[in-house]
Number of protein chains: 2
Amino acid sequence: MHIHPQLLQDCHALGHFEICHVLLHRNAIVPWFILVPATDQIDLLDLPAETRTTVMQEGEAISRYLKSKLDYPKVNFAALGNVVPQLHIHIIGRKPGDDCWPAPVWGNLNGAAEYKPAELDAMQRVLVQEFGMQLND
Amino acid sequence: MHIHPQLLQDCHALGHFEICHVLLHRNAIVPWFILVPATDQIDLLDLPAETRTTVMQEGEAISRYLKSKLDYPKVNFAALGNVVPQLHIHIIGRKPGDDCWPAPVWGNLNGAAEYKPAELDAMQRVLVQEFGMQLND
């Protein structure tokens with residue numbers, strides 16, 4: 001599946017579910033996942049109902065990971081796509097006092113941090129073992 | 001159903017679907033709907049699957065209205081809730097050259113405009129007649 005080069009530049013590719021590729025924004029200042037469904041539609045609400053239901057289930061898996069494993073009380077969910085036209089869905093762990101709370105992340109993150117390779121490996125392992133993600137070939 | 005006072009202050013209450021109240025942001029510079037589901041959950045991805053499916057169908061009706069009746073090519077979809085904790089879903093018609101394109105609307109709208117009562121009446125009528133919305137008692 002083709003993924004827009006801007007998304008690949010901004011993110012680590014962690015794996016995939018049935019429909020969505022699972023990307024993780026390189027800026028570790030907040031845990032910011034981006035799901036990219038295999039579709040030509042550009043808007044979430046234009047997806048066929050069955051596809052959208054599966055996409056939302058895959059998003060729910062990421063949200064449960066953020067809440068149960070990373071202890072984030074709040075998850076922001078958004079499909080915008082004004083800059084990168086390929087449909088992609090932001091799922092972001094948020095908490096009071098984080099880098100730009102309560103503002104949305106877009107354009108408002110001040111800090112920056114990088115994931116260490118061991119951190120990425122650990123996240124991948126948990127997502128595969130407990131949340132149904134599959135590794136990419 | 002209780003709706004958070006900040007939402008009622010910011011929006012016109014147009015009607016409701018089966019699960020969601022339909023609000024319209026008072027700033028008419030972009031067509032900005034806010035759906036408020038009848039639920040105590042605060043995050044979209046925590047809704048029971050059946051409820052979430054219906055909420056997404058109701059959002060799809062608003063999106064179809066924005067695209068087919070108001071000629072917006074793009075719809076932004078987001079459930080954030082960092083400021084107002086009650087679950088509410090933003091569904092916003094967007095197009096290149098609009099007030100803050102391509103930025104997200106939150107914190108980025110420069111202009112302001114008001115809906116005229118006749119405009120609100122016309123929107124309500126179309127949403128009821130063609131998109132399944134019901135008027136509030």
# chains A, B, ... in the order shown; residues from 1 in each chain; ligands from 1
>>> residues_around(residues="Val55 of chain A", least_positions_apart="3", cutoff="8 Å", atoms="only C-alpha atoms", output="list in words")
Ile19, Cys20, Pro37, Thr51, Arg52, Glu58 and Gly59 of chain A
>>> residues_around(residues="segment 65-68 of chain A", least_positions_apart="2", cutoff="12 Å", atoms="only C-alpha atoms", output="PyMOL selection string")
(chain A and resi 30-33+58-63+70-76+91-95+123-133) or (chain B and resi 43+45-46)
>>> residues_around(residues="segment 98-111 of chain A", least_positions_apart="5", cutoff="9 Å", atoms="only C-alpha atoms", output="PDB file with C-alpha atoms, in the first residue's frame")
ATOM      1  CA  ASN A  27       7.943  13.435  18.181  1.00  0.00           C
ATOM      2  CA  ILE A  29       6.618  14.518  23.462  1.00  0.00           C
ATOM      3  CA  VAL A  30       3.089  13.096  23.245  1.00  0.00           C
ATOM      4  CA  ASN A  76      -7.901  12.903  21.018  1.00  0.00           C
ATOM      5  CA  ILE A  92      -3.251  10.918  20.539  1.00  0.00           C
TER       6      ILE A  92
ATOM      7  CA  LEU B  80     -11.021  16.292  21.233  1.00  0.00           C
ATOM      8  CA  GLY B  81     -12.684  17.409  24.477  1.00  0.00           C
ATOM      9  CA  ASN B  82      -9.635  18.797  26.232  1.00  0.00           C
ATOM     10  CA  VAL B  83     -11.525  21.960  27.233  1.00  0.00           C
ATOM     11  CA  ALA B 103      -4.912  24.925   9.560  1.00  0.00           C
ATOM     12  CA  PRO B 104      -7.393  23.206  11.869  1.00  0.00           C
ATOM     13  CA  TRP B 106      -9.361  25.494  16.776  1.00  0.00           C
ATOM     14  CA  GLY B 107      -7.615  28.725  17.748  1.00  0.00           C
TER      15      GLY B 107
END
>>> residues_around(residues="Ile34 of chain B", least_positions_apart="4", cutoff="8 Å", atoms="only C-alpha atoms", output="PyMOL selection string")
chain B and resi 22-25+88-91
>>> write_last_selection(atoms="N, CA and C atoms", output="tab-separated table (two decimals), in the first residue's frame")
chain	number	residue	atom	x	y	z
B	22	VAL	N	-27.69	17.98	17.64
B	22	VAL	CA	-27.02	18.65	16.53
B	22	VAL	C	-26.88	20.13	16.86
B	23	LEU	N	-25.64	20.53	17.08
B	23	LEU	CA	-25.34	21.94	17.34
B	23	LEU	C	-24.61	22.52	16.14
B	24	LEU	N	-24.73	23.83	15.97
B	24	LEU	CA	-24.03	24.53	14.89
B	24	LEU	C	-23.31	25.72	15.51
B	25	HIS	N	-21.99	25.76	15.35
B	25	HIS	CA	-21.20	26.84	15.95
B	25	HIS	C	-21.72	28.19	15.45
B	88	HIS	N	-18.12	15.48	22.50
B	88	HIS	CA	-18.73	16.21	21.39
B	88	HIS	C	-17.84	16.07	20.18
B	89	ILE	N	-18.46	16.03	19.02
B	89	ILE	CA	-17.77	15.66	17.80
B	89	ILE	C	-17.88	16.80	16.80
B	90	HIS	N	-16.73	17.29	16.38
B	90	HIS	CA	-16.69	18.40	15.43
B	90	HIS	C	-16.76	17.85	14.01
B	91	ILE	N	-17.65	18.42	13.20
B	91	ILE	CA	-17.78	18.04	11.79
B	91	ILE	C	-17.86	19.35	11.01
>>> atom_distance(atom1="atom CA of Leu7 of chain A", atom2="atom CA of Ala78 of chain A")
15.1 Å
>>> select_by_dssp(residues="segment 48-82 of chain B", states="alpha helix (DSSP H)", output="list in words")
Ala49, Glu50, Thr51, Arg52, Thr53, Thr54, Val55, Met56, Gln57, Glu58, Gly59, Glu60, Ala61, Ile62, Ser63, Arg64, Tyr65, Leu66, Lys67 and Ser68 of chain B
>>> write_last_selection(atoms="C-alpha atoms", output="PDB file, in the first residue's frame")
ATOM      1  CA  ALA B  49     -19.475  -0.474  19.257  1.00  0.00           C
ATOM      2  CA  GLU B  50     -23.171  -0.262  18.346  1.00  0.00           C
ATOM      3  CA  THR B  51     -23.547   3.212  19.785  1.00  0.00           C
ATOM      4  CA  ARG B  52     -20.420   4.367  17.992  1.00  0.00           C
ATOM      5  CA  THR B  53     -21.693   2.989  14.691  1.00  0.00           C
ATOM      6  CA  THR B  54     -24.909   4.988  15.037  1.00  0.00           C
ATOM      7  CA  VAL B  55     -22.997   8.114  16.055  1.00  0.00           C
ATOM      8  CA  MET B  56     -20.813   7.765  12.954  1.00  0.00           C
ATOM      9  CA  GLN B  57     -23.926   7.317  10.753  1.00  0.00           C
ATOM     10  CA  GLU B  58     -25.333  10.522  12.217  1.00  0.00           C
ATOM     11  CA  GLY B  59     -22.027  12.240  11.512  1.00  0.00           C
ATOM     12  CA  GLU B  60     -22.157  10.916   7.960  1.00  0.00           C
ATOM     13  CA  ALA B  61     -25.544  12.600   7.486  1.00  0.00           C
ATOM     14  CA  ILE B  62     -24.022  15.950   8.472  1.00  0.00           C
ATOM     15  CA  SER B  63     -21.035  15.337   6.209  1.00  0.00           C
ATOM     16  CA  ARG B  64     -23.313  14.537   3.263  1.00  0.00           C
ATOM     17  CA  TYR B  65     -25.222  17.742   3.961  1.00  0.00           C
ATOM     18  CA  LEU B  66     -21.986  19.768   3.955  1.00  0.00           C
ATOM     19  CA  LYS B  67     -20.787  18.202   0.722  1.00  0.00           C
ATOM     20  CA  SER B  68     -24.000  17.891  -1.266  1.00  0.00           C
TER      21      SER B  68
END
>>> residues_around(residues="Gln86 of chain A", least_positions_apart="2", cutoff="9 Å", atoms="only C-alpha atoms", output="short mmCIF file (atom, residue, chain, number, x, y, z; two decimals) with C-alpha atoms, in the first residue's frame")
data_model
loop_
_atom_site.label_atom_id
_atom_site.label_comp_id
_atom_site.auth_asym_id
_atom_site.auth_seq_id
_atom_site.Cartn_x
_atom_site.Cartn_y
_atom_site.Cartn_z
CA ILE A 3 1.61 5.81 2.14
CA HIS A 4 2.08 9.54 1.52
CA VAL A 36 -3.76 5.04 7.54
CA THR A 39 -8.70 3.21 0.84
CA ASP A 40 -8.91 5.85 -1.86
CA GLN A 41 -11.50 7.87 0.08
CA ILE A 42 -10.12 11.06 1.58
CA ASP A 43 -12.71 11.59 4.36
CA GLY A 81 -6.28 15.87 6.03
CA VAL A 84 -1.76 15.58 3.53
CA HIS A 88 -5.18 9.38 8.01
#
>>> select_by_dssp(residues="chain A", states="strand (DSSP E)", output="ChimeraX atom specification")
/A:11-16,20-25,32-37,74-79,89-94
>>> closest_residue(among="A:Ala79, A:Leu87, A:Ala113, A:Cys11", to="chain B", atoms="only C-alpha atoms")
A:Ala79
>>> closest_residue(among="A:Pro85, A:Ala38, A:Lys69, A:His12", to="chain B", atoms="only C-alpha atoms")
A:Pro85
>>> residues_around(residues="Asn136 of chain A", least_positions_apart="3", cutoff="8 Å", atoms="only C-alpha atoms", output="number ranges by chain")
A: 14-16
>>> write_last_selection(atoms="N, CA and C atoms", output="compact mmCIF listing (two decimals), in the first residue's frame")
# COMPACT_ATOMS: atom_id res chain seq x y z
N LEU A 14 4.96 1.20 12.49
CA LEU A 14 5.03 0.14 13.49
C LEU A 14 4.47 -1.19 13.02
N GLY A 15 3.46 -1.14 12.15
CA GLY A 15 2.82 -2.39 11.74
C GLY A 15 1.48 -2.07 11.10
N HIS A 16 0.58 -3.06 11.13
CA HIS A 16 -0.73 -2.84 10.52
C HIS A 16 -1.78 -3.71 11.18
